[in-house]
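Here's coords-v9.pdb, which has PDB, C-alpha atoms, pLDDT in the B column:
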MODEL        1
ATOM      1  CA  MET A   1      64.532  19.519 -93.944  1.00 48.00           C
ATOM      2  CA  SER A   2      62.483  16.646 -95.311  1.00 65.00           C
ATOM      3  CA  SER A   3      59.618  17.077 -97.750  1.00 90.00           C
ATOM      4  CA  PHE A   4      57.680  14.008 -96.590  1.00 90.00           C
ATOM      5  CA  ASP A   5      57.033  12.502 -93.190  1.00 95.00           C
ATOM      6  CA  THR A   6      57.097   8.984 -94.639  1.00 96.00           C
ATOM      7  CA  LEU A   7      57.810   7.627 -98.091  1.00 97.00           C
ATOM      8  CA  HIS A   8      55.807   4.429 -98.558  1.00 97.00           C
ATOM      9  CA  ILE A   9      57.234   2.218-101.322  1.00 98.00           C
ATOM     10  CA  LEU A  10      54.563  -0.210-102.492  1.00 97.00           C
ATOM     11  CA  ASN A  11      55.393  -3.136-104.780  1.00 97.00           C
ATOM     12  CA  LYS A  12      52.266  -5.226-104.121  1.00 96.00           C
ATOM     13  CA  SER A  13      49.230  -5.386-106.414  1.00 94.00           C
ATOM     14  CA  PRO A  14      45.983  -3.723-105.261  1.00 92.00           C
ATOM     15  CA  GLY A  15      44.405  -6.981-104.034  1.00 91.00           C
ATOM     16  CA  HIS A  16      47.335  -7.913-101.793  1.00 95.00           C
ATOM     17  CA  PRO A  17      46.788  -7.519 -98.006  1.00 96.00           C
ATOM     18  CA  ARG A  18      49.960  -5.429 -97.654  1.00 96.00           C
ATOM     19  CA  ALA A  19      48.676  -2.973-100.246  1.00 95.00           C
ATOM     20  CA  ALA A  20      45.535  -2.478 -98.178  1.00 94.00           C
ATOM     21  CA  GLN A  21      47.635  -1.977 -95.028  1.00 96.00           C
ATOM     22  CA  CYS A  22      49.825   0.564 -96.779  1.00 96.00           C
ATOM     23  CA  LEU A  23      46.884   2.552 -98.136  1.00 94.00           C
ATOM     24  CA  ALA A  24      45.209   2.568 -94.726  1.00 94.00           C
ATOM     25  CA  LEU A  25      48.272   4.164 -93.130  1.00 95.00           C
ATOM     26  CA  LEU A  26      48.812   6.984 -95.624  1.00 96.00           C
ATOM     27  CA  SER A  27      48.486  10.494 -94.253  1.00 95.00           C
ATOM     28  CA  GLU A  28      48.633  13.988 -95.699  1.00 92.00           C
ATOM     29  CA  GLY A  29      52.346  14.520 -95.037  1.00 93.00           C
ATOM     30  CA  ASP A  30      53.365  11.238 -96.665  1.00 96.00           C
ATOM     31  CA  ALA A  31      54.301  10.208-100.187  1.00 96.00           C
ATOM     32  CA  LEU A  32      53.563   6.927-101.956  1.00 96.00           C
ATOM     33  CA  LEU A  33      55.953   5.465-104.523  1.00 97.00           C
ATOM     34  CA  LEU A  34      54.434   2.713-106.654  1.00 96.00           C
ATOM     35  CA  ILE A  35      56.891   0.195-108.088  1.00 97.00           C
ATOM     36  CA  GLU A  36      56.665  -3.269-109.671  1.00 97.00           C
ATOM     37  CA  ASN A  37      53.062  -4.560-109.345  1.00 96.00           C
ATOM     38  CA  GLY A  38      52.209  -1.602-107.123  1.00 95.00           C
ATOM     39  CA  VAL A  39      51.760   0.493-110.277  1.00 94.00           C
ATOM     40  CA  LEU A  40      48.612  -1.549-110.989  1.00 93.00           C
ATOM     41  CA  LEU A  41      46.993   0.672-108.378  1.00 92.00           C
ATOM     42  CA  LEU A  42      46.948   3.360-111.074  1.00 90.00           C
ATOM     43  CA  SER A  43      44.254   1.405-112.919  1.00 85.00           C
ATOM     44  CA  ALA A  44      42.300   0.501-109.767  1.00 75.00           C
ATOM     45  CA  GLU A  45      38.964   2.122-108.979  1.00 73.00           C
ATOM     46  CA  SER A  46      40.211   3.831-105.838  1.00 69.00           C
ATOM     47  CA  ARG A  47      43.485   5.685-106.130  1.00 75.00           C
ATOM     48  CA  PRO A  48      45.054   7.252-103.076  1.00 78.00           C
ATOM     49  CA  SER A  49      44.369  10.973-102.861  1.00 81.00           C
ATOM     50  CA  VAL A  50      45.470  11.770 -99.325  1.00 84.00           C
ATOM     51  CA  CYS A  51      49.161  12.185-100.231  1.00 92.00           C
ATOM     52  CA  ARG A  52      51.519  12.725-103.163  1.00 93.00           C
ATOM     53  CA  VAL A  53      51.759   9.684-105.440  1.00 94.00           C
ATOM     54  CA  PHE A  54      54.764   8.739-107.561  1.00 95.00           C
ATOM     55  CA  ALA A  55      55.019   5.820-109.990  1.00 94.00           C
ATOM     56  CA  LEU A  56      58.126   4.262-111.475  1.00 95.00           C
ATOM     57  CA  SER A  57      57.931   4.982-115.209  1.00 94.00           C
ATOM     58  CA  ALA A  58      59.595   1.735-116.307  1.00 94.00           C
ATOM     59  CA  ASP A  59      57.100  -0.369-114.324  1.00 94.00           C
ATOM     60  CA  VAL A  60      54.144   1.652-115.623  1.00 93.00           C
ATOM     61  CA  ALA A  61      55.304   1.039-119.202  1.00 92.00           C
ATOM     62  CA  ALA A  62      56.086  -2.643-118.591  1.00 93.00           C
ATOM     63  CA  ARG A  63      52.522  -3.233-117.420  1.00 91.00           C
ATOM     64  CA  GLY A  64      50.934  -1.374-120.323  1.00 88.00           C
ATOM     65  CA  LEU A  65      49.669   1.507-118.211  1.00 86.00           C
ATOM     66  CA  GLY A  66      51.424   4.254-120.153  1.00 75.00           C
ATOM     67  CA  ASN A  67      48.191   6.064-121.029  1.00 73.00           C
ATOM     68  CA  THR A  68      46.859   5.969-117.482  1.00 67.00           C
ATOM     69  CA  ALA A  69      46.545   9.548-116.287  1.00 65.00           C
ATOM     70  CA  GLY A  70      45.940  10.604-112.739  1.00 75.00           C
ATOM     71  CA  ASN A  71      47.424  12.664-109.968  1.00 79.00           C
ATOM     72  CA  GLU A  72      50.664  10.658-109.899  1.00 86.00           C
ATOM     73  CA  THR A  73      54.097  11.875-110.903  1.00 91.00           C
ATOM     74  CA  ARG A  74      56.125   9.484-113.067  1.00 93.00           C
ATOM     75  CA  VAL A  75      59.720   9.002-111.934  1.00 94.00           C
ATOM     76  CA  ALA A  76      62.839   7.213-113.181  1.00 95.00           C
ATOM     77  CA  PHE A  77      64.982   4.786-111.174  1.00 92.00           C
ATOM     78  CA  SER A  78      67.408   7.567-110.321  1.00 91.00           C
ATOM     79  CA  ASP A  79      64.573   9.613-108.792  1.00 91.00           C
ATOM     80  CA  MET A  80      63.871   6.870-106.238  1.00 91.00           C
ATOM     81  CA  VAL A  81      67.023   7.782-104.318  1.00 91.00           C
ATOM     82  CA  ALA A  82      66.150  11.481-104.335  1.00 92.00           C
ATOM     83  CA  LEU A  83      62.642  10.717-103.048  1.00 93.00           C
ATOM     84  CA  SER A  84      63.992   8.595-100.216  1.00 93.00           C
ATOM     85  CA  LEU A  85      66.324  11.413 -99.188  1.00 93.00           C
ATOM     86  CA  GLN A  86      63.353  13.790 -98.957  1.00 93.00           C
ATOM     87  CA  ALA A  87      61.571  11.578 -96.432  1.00 94.00           C
ATOM     88  CA  ARG A  88      62.041  11.462 -92.689  1.00 95.00           C
ATOM     89  CA  LYS A  89      61.499   7.684 -92.875  1.00 95.00           C
ATOM     90  CA  VAL A  90      60.928   5.075 -95.569  1.00 96.00           C
ATOM     91  CA  ILE A  91      58.672   2.018 -95.379  1.00 96.00           C
ATOM     92  CA  SER A  92      58.760  -0.697 -98.034  1.00 97.00           C
ATOM     93  CA  TRP A  93      55.622  -2.744 -98.436  1.00 96.00           C
TER
ENDMDL
END

Mind turning the file's structure into structure tokens?
Amino acid sequence: MSSFDTLHILNKSPGHPRAAQCLALLSEGDALLLIENGVLLLSAESRPSVCRVFALSADVAARGLGNTAGNETRVAFSDMVALSLQARKVISW
């Protein structure tokens, strides 16, 4: 049994059109995994709150966002596979 309907993997910065599309499609049963420049969403004014949010720890640290606290769960590279296995489907943005 899956834990999430859809795992959205976002690697685009908050101002990118695909980031806006991704955020618009999030629903309560989904999860959002922020990677690469997607972690910059953690410092944006509007963070997603409709679903569970995960952020790749290495990318958070690489962009100097280590002290950013919010409702997200920090994950390692190895956790990305486990998250994808918990989802019914995966969409990369």

Have a look at CA of Leu33 in chain A and CA of Arg52 in chain A and let me know their distance in Å, one decimal.
8.6 Å

Report the distance between CA of Gly29 in chain A and CA of Glu45 in chain A in Å, rounded to one decimal place.
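Those two atoms sit 23.0 Å apart.
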
Could you tell me which of A:Glu72, A:Ala44, A:Arg18, A:Ala31 comes closest to Arg88 in chain A if we count only C-alpha atoms?
A:Ala31

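Distances here use only C-alpha atoms; by that measure, the residue among A:Leu34, A:Leu56, A:Val90, A:Ala61 closest to Ser78 in chain A is A:Leu56.
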
Please check which residues have atoms at most 12 Å from (51.8, -7.1, -104.3) in the file's coordinates, counting all atoms listed in the file, and write them as a list in words.
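Taken together, the residues in range are Ile9, Leu10, Asn11, Lys12, Ser13, Pro14, Gly15, His16, Pro17, Arg18, Ala19, Ala20, Gln21, Cys22, Leu34, Ile35, Glu36, Asn37, Gly38, Val39, Leu40, Leu41, Ser92 and Trp93 of chain A.
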
Which one of A:Val75, A:Val60, A:Leu65, A:Val50 sits closest to Leu26 in chain A if you count all atoms listed in the file?
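With all atoms listed in the file as the atom set, the closest residue is A:Val50.
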
In Å to one decimal, how far is CA of Ala24 in chain A from CA of Leu85 in chain A?
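CA of Leu85 in chain A sits 23.3 Å away from CA of Ala24 in chain A.
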
Mind telling me what the PyMOL selection byres ((chain A and resi 3) around 10) catches here, as a list in words?
Met1, Ser2, Phe4, Asp5, Thr6, Leu7, Gly29, Asp30, Ala31, Leu83, Ser84, Leu85, Gln86, Ala87 and Arg88 of chain A

Go through the shown structure with the PyMOL selection byres ((chain A and resi 71) around 9) and write out the matching residues as number ranges by chain.
A: 47, 49, 52-54, 69-70, 72-73

Distance criterion (only C-alpha atoms): nearest to Cys51 in chain A out of A:Ile91, A:Ala76, A:Leu23, A:Ala82
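Between A:Ile91, A:Ala76, A:Leu23, A:Ala82, the residue approaching Cys51 in chain A most closely is A:Leu23.
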
Pick from A:Ala58, A:Gly64, A:Phe77, A:His8: nearest to Ser43 in chain A, with all atoms listed in the file counted?
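Looking only at the distances to Ser43 in chain A, the closest residue turns out to be A:Gly64.
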
Padded axis-aligned box of range 85-89 of chain A (3 Å per side), centre and edge lengths, Å, one decimal, as JSON:
{"center_x": 63.9, "center_y": 10.7, "center_z": -95.9, "size_x": 10.8, "size_y": 12.1, "size_z": 12.5}
